[in-house]
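Below: one structure, written as structure tokens.
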Amino acid sequence: MKIEDIDKVNHLIAELNGMKQLIAHAENADPDAYELFIKLPGDASIRMSGAGAASTHYEGYAVSPQFLTRLRRLAVEELDARRHSIIAELAALGVEAEA
């Protein structure tokens, strides 16, 4: 391993640890804690949540608990994909990390 790779490895390890924490938070969060925000020009933005509350800046729509559960699963899958990507980068540098 090259000396300059050590900084990259340290950065990736820190990112991997942070990603593990994010995944744990995402997995343990109640589905009602999730919401989908679609940013549109002006006041046309859309916030989809369990409460469906609106504001002067966006329209609010209540969604089903099943939608929020699927949103949570999608978020965890995306974070886990990044975790696997970090592990692959570490492996390319000759560092074994647990999957």
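By convention in this document, the chains of the structure tokens carry letters A, B, ... by their order, each chain's residues are numbered from 1, and ligands are numbered from 1 in the order they are shown.
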
Show me, as number ranges by chain, the residues that have an atom within 9 Å of Ala24 of chain A when counting only C-alpha atoms, minus same-chain residues fewer than 5 positions from it. A: 19, 29, 76

Dump as a PDB file, in the first residue's frame, selection limited to C-alpha atoms:
```pdb
ATOM      1  CA  MET A  19     -22.691   4.789   7.188  1.00  0.00           C
ATOM      2  CA  ALA A  29     -36.741   4.837  12.897  1.00  0.00           C
ATOM      3  CA  VAL A  76     -32.003   1.513   4.049  1.00  0.00           C
TER       4      VAL A  76
END
```

Selection: 9 Å around Asp32 of chain A, only C-alpha atoms, excl. self and same-chain fewer than 2 positions, as an MDAnalysis selection string: chainID A and resid 29:30 34:35 49:51 65 68:69

Those residues you just picked out, can you put them in a file as a tab-separated table (two decimals), in the first residue's frame with N, CA and C atoms?
```
chain	number	residue	atom	x	y	z
A	29	ALA	N	-35.78	3.73	12.91
A	29	ALA	CA	-36.74	4.84	12.90
A	29	ALA	C	-38.14	4.32	12.61
A	30	ASP	N	-39.10	4.89	13.26
A	30	ASP	CA	-40.49	4.55	13.02
A	30	ASP	C	-40.86	5.01	11.60
A	34	TYR	N	-40.54	9.05	8.52
A	34	TYR	CA	-40.14	9.24	7.13
A	34	TYR	C	-41.11	10.15	6.41
A	35	GLU	N	-40.59	10.87	5.43
A	35	GLU	CA	-41.43	11.66	4.55
A	35	GLU	C	-40.71	11.82	3.23
A	49	SER	N	-46.30	12.68	3.81
A	49	SER	CA	-45.95	12.16	5.13
A	49	SER	C	-47.17	11.51	5.76
A	50	GLY	N	-46.96	10.94	6.92
A	50	GLY	CA	-48.07	10.33	7.63
A	50	GLY	C	-49.09	11.37	8.06
A	51	ALA	N	-48.61	12.55	8.44
A	51	ALA	CA	-49.51	13.62	8.90
A	51	ALA	C	-50.14	14.36	7.74
A	65	PRO	N	-49.38	4.08	5.85
A	65	PRO	CA	-48.24	3.51	6.58
A	65	PRO	C	-47.42	2.55	5.71
A	68	LEU	N	-44.94	4.54	3.73
A	68	LEU	CA	-43.82	4.97	4.56
A	68	LEU	C	-42.89	3.81	4.90
A	69	THR	N	-43.44	2.61	5.07
A	69	THR	CA	-42.62	1.43	5.30
A	69	THR	C	-41.76	1.12	4.08
```

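All residues of protein, DNA or RNA that reach within 12 Å of Leu36 of chain A, judged by only C-alpha atoms and not counting those fewer than 4 positions away in the chain, are A:Pro31, A:Asp32, A:Ser45, A:Ile46, A:Arg47, A:Met48, A:Ser49, A:Gly50, A:Ala51, A:Gly52, A:Tyr58, A:Glu59, A:Gly60, A:Tyr61, A:Ala62, A:Val63, A:Phe67, A:Leu68, A:Thr69, A:Arg70, A:Leu71, A:Arg72, A:Leu74, A:Ala75.
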
Where does DSSP see helix (DSSP H, G or I) in chain A, if you list the residues as a PyMOL selection string? chain A and resi 3-28+31-33+65-92

Chain A: residues DSSP assigns to strand (DSSP E or B), reported as a list in words: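 Reading the DSSP output for chain A, strand (DSSP E or B) covers Glu35, Leu36, Phe37, Ile38, Ser45, Ile46, Arg47, Met48, Ser49, Tyr58, Glu59, Gly60, Tyr61 and Ala62 of chain A.
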
Kindly save the residues from that selection, with N, CA and C atoms included, as a PDB file, in the first residue's frame.
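Output file selection19.pdb follows:
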```
ATOM      1  N   GLU A  35     -40.594  10.866   5.434  1.00  0.00           N
ATOM      2  CA  GLU A  35     -41.432  11.657   4.553  1.00  0.00           C
ATOM      3  C   GLU A  35     -40.710  11.824   3.226  1.00  0.00           C
ATOM      4  N   LEU A  36     -41.471  12.083   2.204  1.00  0.00           N
ATOM      5  CA  LEU A  36     -40.918  12.315   0.877  1.00  0.00           C
ATOM      6  C   LEU A  36     -41.202  13.763   0.520  1.00  0.00           C
ATOM      7  N   PHE A  37     -40.165  14.478   0.127  1.00  0.00           N
ATOM      8  CA  PHE A  37     -40.321  15.888  -0.248  1.00  0.00           C
ATOM      9  C   PHE A  37     -39.912  16.037  -1.702  1.00  0.00           C
ATOM     10  N   ILE A  38     -40.823  16.563  -2.492  1.00  0.00           N
ATOM     11  CA  ILE A  38     -40.556  16.802  -3.909  1.00  0.00           C
ATOM     12  C   ILE A  38     -40.446  18.307  -4.089  1.00  0.00           C
ATOM     13  N   SER A  45     -44.027  22.821  -4.283  1.00  0.00           N
ATOM     14  CA  SER A  45     -43.398  21.633  -3.706  1.00  0.00           C
ATOM     15  C   SER A  45     -44.438  20.760  -3.012  1.00  0.00           C
ATOM     16  N   ILE A  46     -44.087  19.477  -2.862  1.00  0.00           N
ATOM     17  CA  ILE A  46     -45.009  18.495  -2.286  1.00  0.00           C
ATOM     18  C   ILE A  46     -44.306  17.766  -1.142  1.00  0.00           C
ATOM     19  N   ARG A  47     -44.988  17.670  -0.024  1.00  0.00           N
ATOM     20  CA  ARG A  47     -44.492  16.907   1.128  1.00  0.00           C
ATOM     21  C   ARG A  47     -45.481  15.785   1.390  1.00  0.00           C
ATOM     22  N   MET A  48     -44.990  14.556   1.294  1.00  0.00           N
ATOM     23  CA  MET A  48     -45.825  13.381   1.537  1.00  0.00           C
ATOM     24  C   MET A  48     -45.372  12.757   2.849  1.00  0.00           C
ATOM     25  N   SER A  49     -46.301  12.675   3.813  1.00  0.00           N
ATOM     26  CA  SER A  49     -45.954  12.161   5.130  1.00  0.00           C
ATOM     27  C   SER A  49     -47.170  11.506   5.757  1.00  0.00           C
ATOM     28  N   TYR A  58     -45.339  24.549   0.649  1.00  0.00           N
ATOM     29  CA  TYR A  58     -45.569  23.257  -0.015  1.00  0.00           C
ATOM     30  C   TYR A  58     -46.959  22.725   0.313  1.00  0.00           C
ATOM     31  N   GLU A  59     -47.430  21.856  -0.558  1.00  0.00           N
ATOM     32  CA  GLU A  59     -48.672  21.129  -0.319  1.00  0.00           C
ATOM     33  C   GLU A  59     -48.338  19.879   0.478  1.00  0.00           C
ATOM     34  N   GLY A  60     -49.192  19.531   1.407  1.00  0.00           N
ATOM     35  CA  GLY A  60     -48.971  18.329   2.206  1.00  0.00           C
ATOM     36  C   GLY A  60     -49.998  17.269   1.859  1.00  0.00           C
ATOM     37  N   TYR A  61     -49.538  16.041   1.744  1.00  0.00           N
ATOM     38  CA  TYR A  61     -50.422  14.914   1.445  1.00  0.00           C
ATOM     39  C   TYR A  61     -50.148  13.783   2.408  1.00  0.00           C
ATOM     40  N   ALA A  62     -51.216  13.261   2.983  1.00  0.00           N
ATOM     41  CA  ALA A  62     -51.094  12.112   3.868  1.00  0.00           C
ATOM     42  C   ALA A  62     -50.935  10.852   3.030  1.00  0.00           C
TER      43      ALA A  62
END
```

Non-local contacts of Ile6 of chain A (12 Å; only C-alpha atoms; under 3 positions in same chain excluded) as a count of residues only: 12

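Remark: for Ile23 of chain A, the closest of the candidate residues A:Ser64, A:Ala97, A:Arg73, A:Ala91 is A:Arg73 (distances computed over only C-alpha atoms).
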